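**Student:** Hey, dropping model.tsv in here, TSV, C-alpha atoms:
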```
chain	number	residue	atom	x	y	z
A	1	MET	CA	0.00	0.00	0.00
A	2	THR	CA	1.46	3.34	-1.02
A	3	MET	CA	1.37	6.48	1.13
A	4	ASP	CA	-1.36	8.01	-1.08
A	5	GLU	CA	-3.55	4.93	-0.70
A	6	ARG	CA	-3.22	5.08	3.10
A	7	LYS	CA	-4.18	8.76	3.12
A	8	SER	CA	-7.27	8.18	0.98
A	9	SER	CA	-8.43	5.21	3.06
A	10	ALA	CA	-7.98	7.03	6.39
A	11	LYS	CA	-11.05	8.61	7.91
A	12	ALA	CA	-11.30	12.35	7.46
A	13	PRO	CA	-11.36	14.28	10.73
A	14	HIS	CA	-14.85	15.36	11.72
A	15	SER	CA	-15.72	18.60	13.46
A	16	LEU	CA	-18.67	20.96	13.84
A	17	ILE	CA	-18.46	24.71	14.41
A	18	ILE	CA	-21.73	26.51	15.14
A	19	GLU	CA	-21.83	30.30	15.28
A	20	ASN	CA	-24.84	31.98	16.97
A	21	ARG	CA	-27.14	29.15	15.82
A	22	LYS	CA	-27.08	30.82	12.38
A	23	SER	CA	-24.05	29.25	10.72
A	24	LEU	CA	-22.56	25.74	10.79
A	25	THR	CA	-19.28	24.50	9.38
A	26	ALA	CA	-18.79	20.73	9.27
A	27	THR	CA	-15.71	18.79	8.20
A	28	GLY	CA	-15.49	15.07	7.49
A	29	VAL	CA	-18.69	15.08	5.41
A	30	SER	CA	-18.72	12.27	2.85
A	31	ASN	CA	-22.15	12.84	1.26
A	32	VAL	CA	-25.39	14.80	1.55
A	33	ASP	CA	-28.44	12.56	1.39
A	34	SER	CA	-31.22	15.15	1.41
A	35	PHE	CA	-31.81	18.79	2.14
A	36	ASP	CA	-34.58	21.35	2.26
A	37	GLU	CA	-35.25	24.52	4.25
A	38	ASP	CA	-36.12	22.52	7.39
A	39	THR	CA	-33.78	19.50	7.41
A	40	ILE	CA	-30.33	18.62	6.08
A	41	VAL	CA	-29.11	15.01	6.23
A	42	ALA	CA	-25.39	14.45	5.67
A	43	TYR	CA	-23.15	11.42	6.10
A	44	THR	CA	-19.90	11.45	8.05
A	45	ASP	CA	-17.55	8.64	9.08
A	46	LEU	CA	-19.00	8.96	12.60
A	47	GLY	CA	-22.63	8.57	11.59
A	48	GLU	CA	-25.50	10.30	9.85
A	49	LEU	CA	-25.69	13.99	10.77
A	50	ILE	CA	-29.17	15.53	10.86
A	51	VAL	CA	-29.54	19.32	11.14
A	52	LYS	CA	-33.03	20.72	11.72
A	53	GLY	CA	-34.12	24.33	11.65
A	54	SER	CA	-35.72	26.86	9.36
A	55	GLY	CA	-34.44	28.66	6.30
A	56	LEU	CA	-31.50	26.24	6.05
A	57	HIS	CA	-29.27	26.70	3.03
A	58	ILE	CA	-26.04	24.90	2.08
A	59	SER	CA	-23.71	27.73	1.12
A	60	LYS	CA	-20.66	25.55	0.44
A	61	LEU	CA	-20.22	21.83	-0.15
A	62	ASN	CA	-16.93	20.25	-1.16
A	63	LEU	CA	-17.04	16.46	-0.89
A	64	GLU	CA	-13.43	16.21	-2.01
A	65	THR	CA	-12.25	17.99	1.15
A	66	GLY	CA	-15.29	16.95	3.21
A	67	GLU	CA	-16.30	20.52	4.07
A	68	MET	CA	-19.88	21.78	4.29
A	69	ASN	CA	-21.10	25.24	5.32
A	70	LEU	CA	-24.74	26.01	5.94
A	71	ASP	CA	-26.71	29.06	7.01
A	72	GLY	CA	-30.15	29.51	8.56
A	73	GLU	CA	-31.77	29.13	11.95
A	74	ILE	CA	-30.37	25.95	13.53
A	75	ASN	CA	-32.72	24.33	16.06
A	76	SER	CA	-31.17	20.88	16.55
A	77	ILE	CA	-28.29	18.67	15.50
A	78	SER	CA	-28.33	14.91	15.96
A	79	TYR	CA	-26.41	11.82	14.90
A	80	THR	CA	-27.53	8.33	14.10
A	81	GLU	CA	-25.08	5.45	14.05
A	82	ASN	CA	-23.75	4.18	10.74
A	83	GLN	CA	-25.54	1.01	9.70
A	84	SER	CA	-23.21	-1.49	8.11
A	85	ALA	CA	-24.60	-3.31	5.08
A	86	ASN	CA	-24.06	-6.67	6.77
A	87	THR	CA	-26.11	-5.80	9.88
A	88	GLY	CA	-29.39	-5.27	8.08
A	89	PHE	CA	-32.59	-7.25	8.30
A	90	PHE	CA	-31.74	-9.69	5.50
A	91	SER	CA	-28.25	-10.47	6.79
A	92	LYS	CA	-29.74	-11.43	10.16
A	93	LEU	CA	-32.46	-13.46	8.45
A	94	PHE	CA	-29.98	-15.48	6.34
A	95	LYS	CA	-27.25	-15.87	8.96
```
I need this file expressed as structure tokens, please.
**Tutor:**
Amino acid sequence: MTMDERKSSAKAPHSLIIENRKSLTATGVSNVDSFDEDTIVAYTDLGELIVKGSGLHISKLNLETGEMNLDGEINSISYTENQSANTGFFSKLFK
């Protein structure tokens, strides 16, 4: 394994910075699943990140660097655990 391959397979650091409940900067974002003015669902290596509020708007998204900036009134932030593909209903059924 080369040095570049190790860097790309390593998990990106994840952090959240919230300013005055009006602006959020997140790093370590791997994908955005859905978004509207009330809810933004993004994936990180540490779980699914759900931001709820009003007037939410993604002002910057760079999946290459894993950075996401959003603006609006932030009411709540929550995580759900990552679900591995092999821990689903069918994998338990056919175990």
**Student:** For A:Tyr79, list every protein, DNA or RNA residue within 8 Å, evaluated using all atoms listed in the file, and leave out those in the same chain fewer than 3 positions away; present the list as number ranges by chain.
**Tutor:** A: 47-50
**Student:** Select, from A:Thr27, A:Arg21, A:Ser59, A:Asp38, the residue with the minimum atom-to-atom distance to A:Glu73, counting all atoms listed in the file.
**Tutor:** A:Arg21
**Student:** Between A:Leu24, A:Leu56, A:Leu70, A:Ala12, single out the one closest to A:Thr39, counting all atoms listed in the file.
**Tutor:**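 Nearest to A:Thr39: A:Leu56.
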**Student:** For A:Ile58, which residue out of A:Ile17, A:Leu46, A:Ile40, A:Val29 is the nearest one, using only C-alpha atoms?
**Tutor:**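 Between A:Ile17, A:Leu46, A:Ile40, A:Val29, the residue approaching A:Ile58 most closely is A:Ile40.
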**Student:** Smallest atom-to-atom distance to A:Gly72: which of A:Lys60, A:Thr44, A:Asp33, A:Gly53, using all atoms listed in the file?
**Tutor:** A:Gly53
